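Peer 1: The structure's right below; bear with me while I get my questions together.
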Amino acid sequence: MAGPGPTKDDFIKNCYLDYRLQRSVLAVLDTSYAGSEGVREALDKAQDVIQEYRLIEEKRLVRKLFDEIGPMELASDDLSNALMELLHSNKDVIAVVHKRIKHKVADMYKAKADKVIEVTKGNRDTLLKYIVDYYLREGKQER
């Protein structure tokens, strides 16, 4: 939220903004202008905030990344059940599924995938950055 003067601060502090929008405020920025010049100034000042938000989103994505869904993981009924529950949820999932495994859970993950990327020795060191960039780019298109 940005603008000249103290009104924006009062707006946030006194909860005049709808609670659903209030949760989306990343920062409160002072600008010298209102109108289109104020918008330009706010966008310039918001670059650091936007970059920080992107880093937070990347960290959130990394927490979702499974190490691998392979034969040893699927030998556990508890983990197989948890993976099935996750698959049927509305959450975004980034999973590494062993290429040659034949198991109903692994097959369902492969079938439901929006994007399949084969991990190789040549791409494994840059794969995390690729996945984060891809996910952030695709997520922006859905909004």
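Residues in the structure tokens are numbered from 1 in each chain, the chains being A, B, ... in the order shown, and ligands are numbered from 1 in the order shown.
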Could you go through chain A and tell me which residues DSSP, when run on the backbone, assigns to strand (DSSP E or B), listing them as a PyMOL selection string?

Peer 2: chain A and resi 2-3+29-30+65+69+94+97

Peer 1: What would the file look like if the residues just selected were written as a CSV table (one decimal), in the first residue's frame with N, CA and C atoms?

Peer 2:
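In the end it all went to out_7.csv:
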```csv
chain,number,residue,atom,x,y,z
A,2,ALA,N,0.5,2.2,-0.8
A,2,ALA,CA,1.4,3.4,-0.9
A,2,ALA,C,0.6,4.6,-1.1
A,3,GLY,N,1.2,5.7,-0.8
A,3,GLY,CA,0.5,7.0,-1.0
A,3,GLY,C,1.2,8.1,-0.1
A,29,LEU,N,4.3,2.0,1.9
A,29,LEU,CA,5.3,2.9,1.3
A,29,LEU,C,4.8,4.3,1.3
A,30,ASP,N,5.7,5.3,1.6
A,30,ASP,CA,5.4,6.7,1.5
A,30,ASP,C,5.8,7.1,0.1
A,65,LEU,N,9.4,-29.7,-2.0
A,65,LEU,CA,10.1,-30.6,-2.9
A,65,LEU,C,10.4,-31.9,-2.2
A,69,ILE,N,10.4,-40.1,-4.7
A,69,ILE,CA,9.4,-41.2,-4.4
A,69,ILE,C,10.0,-42.4,-5.2
A,94,ILE,N,5.5,-30.7,-5.9
A,94,ILE,CA,6.7,-31.0,-6.8
A,94,ILE,C,7.3,-32.2,-6.3
A,97,VAL,N,9.9,-38.6,-8.9
A,97,VAL,CA,9.5,-40.0,-9.0
A,97,VAL,C,10.5,-40.8,-9.8
```

Peer 1: When DSSP works through the backbone of this structure, what residues of chain A end up as alpha helix (DSSP H), shown as a PyMOL selection string?

Peer 2: chain A and resi 7-13+19-22+35-45+47-64+71-74+77-87+104-112+127-142

Peer 1: Quick one: residues within 10 Å of Lys112 (chain A), only C-alpha atoms, excluding same-chain residues fewer than 4 positions away - as a ChimeraX atom specification?

Peer 2: /A:87-88,107-108,116

Peer 1: For the selection just defined, write its residues with N, CA and C atoms to a file, as an mmCIF file, in the first residue's frame.

Peer 2:
```
data_model
loop_
_atom_site.group_PDB
_atom_site.id
_atom_site.type_symbol
_atom_site.label_atom_id
_atom_site.label_comp_id
_atom_site.auth_asym_id
_atom_site.auth_seq_id
_atom_site.Cartn_x
_atom_site.Cartn_y
_atom_site.Cartn_z
ATOM 1 N N LEU A 87 -1.760 -36.246 -3.105
ATOM 2 C CA LEU A 87 -2.085 -36.227 -4.528
ATOM 3 C C LEU A 87 -3.522 -35.783 -4.765
ATOM 4 N N HIS A 88 -4.432 -36.183 -3.892
ATOM 5 C CA HIS A 88 -5.848 -35.856 -4.048
ATOM 6 C C HIS A 88 -6.229 -34.525 -3.400
ATOM 7 N N ASP A 107 2.743 -44.322 -10.329
ATOM 8 C CA ASP A 107 2.058 -44.202 -11.619
ATOM 9 C C ASP A 107 1.014 -43.087 -11.594
ATOM 10 N N MET A 108 0.322 -42.938 -10.475
ATOM 11 C CA MET A 108 -0.682 -41.876 -10.365
ATOM 12 C C MET A 108 -0.020 -40.495 -10.359
ATOM 13 N N VAL A 116 6.614 -32.876 -16.664
ATOM 14 C CA VAL A 116 7.543 -33.950 -16.326
ATOM 15 C C VAL A 116 8.929 -33.529 -16.799
#
```

Peer 1: What's the 7 Å shell around Gly70 (chain A), counting only C-alpha atoms, without same-chain residues fewer than 4 positions away, as a list in words?

Peer 2: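 The residues that qualify are Leu74, Val97, His98 and Ile101 of chain A.
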
Peer 1: Tell me, as a list in words, which residues lie within 12 Å of Phe11 (chain A), counting only C-alpha atoms; anything in the same chain fewer than 3 positions away does not count.

Peer 2: Met1, Ala2, Gly3, Gly5, Pro6, Thr7, Lys8, Asn14, Cys15, Tyr16, Leu17, Asp18, Tyr19, Leu21, Gln22, Val25 and Val28 of chain A

Peer 1: Rounded to one decimal place, report the CA of Glu85 (chain A)-CA of Asp114 (chain A) distance in Å.

Peer 2: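 Separation between CA of Glu85 (chain A) and CA of Asp114 (chain A): 17.8 Å.
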
Peer 1: Quick check, in Å to one decimal: how far apart do CA of Lys99 (chain A) and CA of Asn81 (chain A) lie?

Peer 2: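 According to the coordinates, CA of Lys99 (chain A) and CA of Asn81 (chain A) are separated by 20.3 Å.
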